[in-house]
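Trainee: Please find one structure pasted underneath; my questions will follow.
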Amino acid sequence: MSHNSLSGGKVIWITGASSGLGRSLVLLLASQGHQVIASARDKNALQKMEADSSNICAMPFDMVDESSLASVQIEIEQKFSAIDQIILNAGTCEYLDFPDTDWCAIRRVMEVNYFGTINCLKVALPLLRNSSALRPHIVVIASQVTNAPFPRSEAYGASKAALQYFFDSLRIDLIPDSVDVTVVNPGFVDTPLTRKNNFDMPFLMDVDQAASRIIKNIASRPRVYSFPKRLRGLLLISKLLPSVWQKMVSQKESNAAVEKASEHKKQ
Ligand SMILES: NC(=O)c1ccc[n+]([C@@H]2O[C@H](COP(=O)([O-])OP(=O)(O)OC[C@H]3O[C@@H](n4cnc5c(N)ncnc54)[C@H](OP(=O)(O)O)[C@@H]3O)[C@@H](O)[C@H]2O)c1
């Protein structure tokens, strides 16, 4: 059966839909009556969501695998013929430890966060151009990490900064196509990705609240939406007083390292 946006809601494709922010975005948008295409690698998680809502369509894929993307493109074309919005949310995070650095982690993170996202964009653009919506919409989830240097975040931060530049530039090139581009920069959100963190996460947000803020605020198609504002304010220290910032974060980092070492000794 072919679906389209005539039923009232939009057709929205969300990547990284199996957990965290992506999952909350899918559930919320489906409950608002939109047709949501949910993609990630975890087929079981996606199929469970599909079983619970007639507005959710599971399309598992690995976004770094071009052949898996090609079949998703065909499937979306057959089922929906077009999409009105894509939320490029899928991502990963690996921290670097110096001096024993796993240099391959940089390539792994870049492969998923940057090249994987671009792979999805490549598939999505013709589908967005087929949309009957006045202005199709591309939304990419970057991060507030790019507002300040954090220790061990070289790979993750660089991948998100690359995304920001790419999509800021793309916004200009898509003006003739009337496609809007919004870059979303969340602060810390409680998801499986951040549950691995062993440092303080100021203003940590509940995942459903973060998803609902994103949906509410991207509706007006801002170029950039960064939240929460309190974190943005805190990160300004890194621009205004860089040496103070450096001391703040390096001190916290060395405390965490000491804690980790003493936990190791106890075991
Ligand atoms: N949580 C935060 O504090 C925070 C802050 C700023 C920005 N962000 C960004 O928000 C986005 C969502 O993160 P999250 O916190 O919700 O983390 P999460 O729960 O770990 O979700 C990441 C999602 O990406 C998918 N994914 C990872 N690699 C993939 C691949 N190769 N192919 C397809 N899907 C892949 C995962 O699904 P599978 O494993 O099933 O493939 C999962 O659904 C990420 O881009 C993250 O960088 C998060």
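Labels used: A, B, ... for chains in the order of the structure tokens, numbers from 1 for residues in each chain, and numbers from 1 for ligands as shown.
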Near Lys239 in chain A, counting only C-alpha atoms, which residues have an atom at most 9 Å away, once you skip same-chain residues fewer than 4 positions from it, shown as a ChimeraX atom specification?
Mentor: /A:147-148,235,245
Trainee: Hey, which residues come within 9 Å of ligand 1 if we count only C-alpha atoms and all ligand atoms? Could you give them as a ChimeraX atom specification?
Mentor: /A:15-24,39-46,60-65,88-93,111-113,116,140-145,156,160,184-195,201,204-205,207
Trainee: As a ChimeraX atom specification, please: the residues near Leu174 in chain A (cut-off 12 Å, only C-alpha atoms, same-chain neighbours under 6 positions excluded).
Mentor: /A:125,128-129,135-138,167-168,180-181
Trainee: Since we have the selection now, will you write its residues out, keeping N, CA, C and O atoms, as a tab-separated table (two decimals), in the first residue's frame?
Mentor:
```
chain	number	residue	atom	x	y	z
A	125	LEU	N	17.30	13.31	-0.25
A	125	LEU	CA	17.08	14.52	-1.06
A	125	LEU	C	16.08	14.34	-2.21
A	125	LEU	O	15.13	15.13	-2.33
A	128	LEU	N	12.63	14.14	-0.74
A	128	LEU	CA	12.15	15.44	-0.27
A	128	LEU	C	11.69	16.29	-1.46
A	128	LEU	O	10.71	17.02	-1.39
A	129	ARG	N	12.43	16.17	-2.56
A	129	ARG	CA	12.05	16.95	-3.75
A	129	ARG	C	10.71	16.49	-4.32
A	129	ARG	O	10.02	17.24	-4.97
A	135	ARG	N	7.28	23.48	1.75
A	135	ARG	CA	8.71	23.54	2.01
A	135	ARG	C	9.12	22.29	2.78
A	135	ARG	O	8.90	22.19	3.99
A	136	PRO	N	9.72	21.30	2.10
A	136	PRO	CA	10.25	20.15	2.82
A	136	PRO	C	11.34	20.60	3.81
A	136	PRO	O	11.90	21.69	3.67
A	137	HIS	N	11.62	19.74	4.79
A	137	HIS	CA	12.46	20.19	5.90
A	137	HIS	C	13.52	19.14	6.26
A	137	HIS	O	13.17	17.99	6.52
A	138	ILE	N	14.77	19.56	6.32
A	138	ILE	CA	15.85	18.69	6.77
A	138	ILE	C	16.26	19.15	8.17
A	138	ILE	O	16.56	20.33	8.37
A	167	PHE	N	25.81	21.34	6.94
A	167	PHE	CA	24.38	21.67	6.81
A	167	PHE	C	24.14	23.18	6.74
A	167	PHE	O	23.18	23.61	6.10
A	168	ASP	N	25.02	23.97	7.35
A	168	ASP	CA	24.90	25.43	7.20
A	168	ASP	C	25.16	25.82	5.74
A	168	ASP	O	24.52	26.71	5.19
A	180	ASP	N	14.05	23.70	3.62
A	180	ASP	CA	14.61	24.32	4.82
A	180	ASP	C	15.58	23.38	5.52
A	180	ASP	O	15.40	22.15	5.48
A	181	VAL	N	16.57	23.95	6.19
A	181	VAL	CA	17.55	23.14	6.93
A	181	VAL	C	17.70	23.69	8.35
A	181	VAL	O	17.99	24.87	8.53
```
Trainee: Residues at most 6 Å from range 218-225 of chain A, counting only C-alpha atoms, excluding those fewer than 2 positions away in the same chain, as a list in words?
Mentor: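 Final neighbour list, sorted by chain and number: Thr182, Val183, Val184, Ile214, Ile215 and Lys216 of chain A.
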Trainee: DSSP on the backbone, strand (DSSP E) only: what residues of range 108-244 of chain A does that give? Format it as a PyMOL selection string.
Mentor: chain A and resi 137-141+180-186+224-227
Trainee: From the options A:Glu154, A:Glu77, A:Asp200, A:Asp84, which residue's atoms come nearest to Val249 in chain A, counting only C-alpha atoms?
Mentor: A:Asp200
Trainee: When you count only C-alpha atoms, which of these residues is closest to Tyr95 in chain A: A:Leu234, A:Ala155, A:Leu241, A:Val123?
Mentor: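 Of the candidates, the smallest distance to Tyr95 in chain A is held by A:Ala155.
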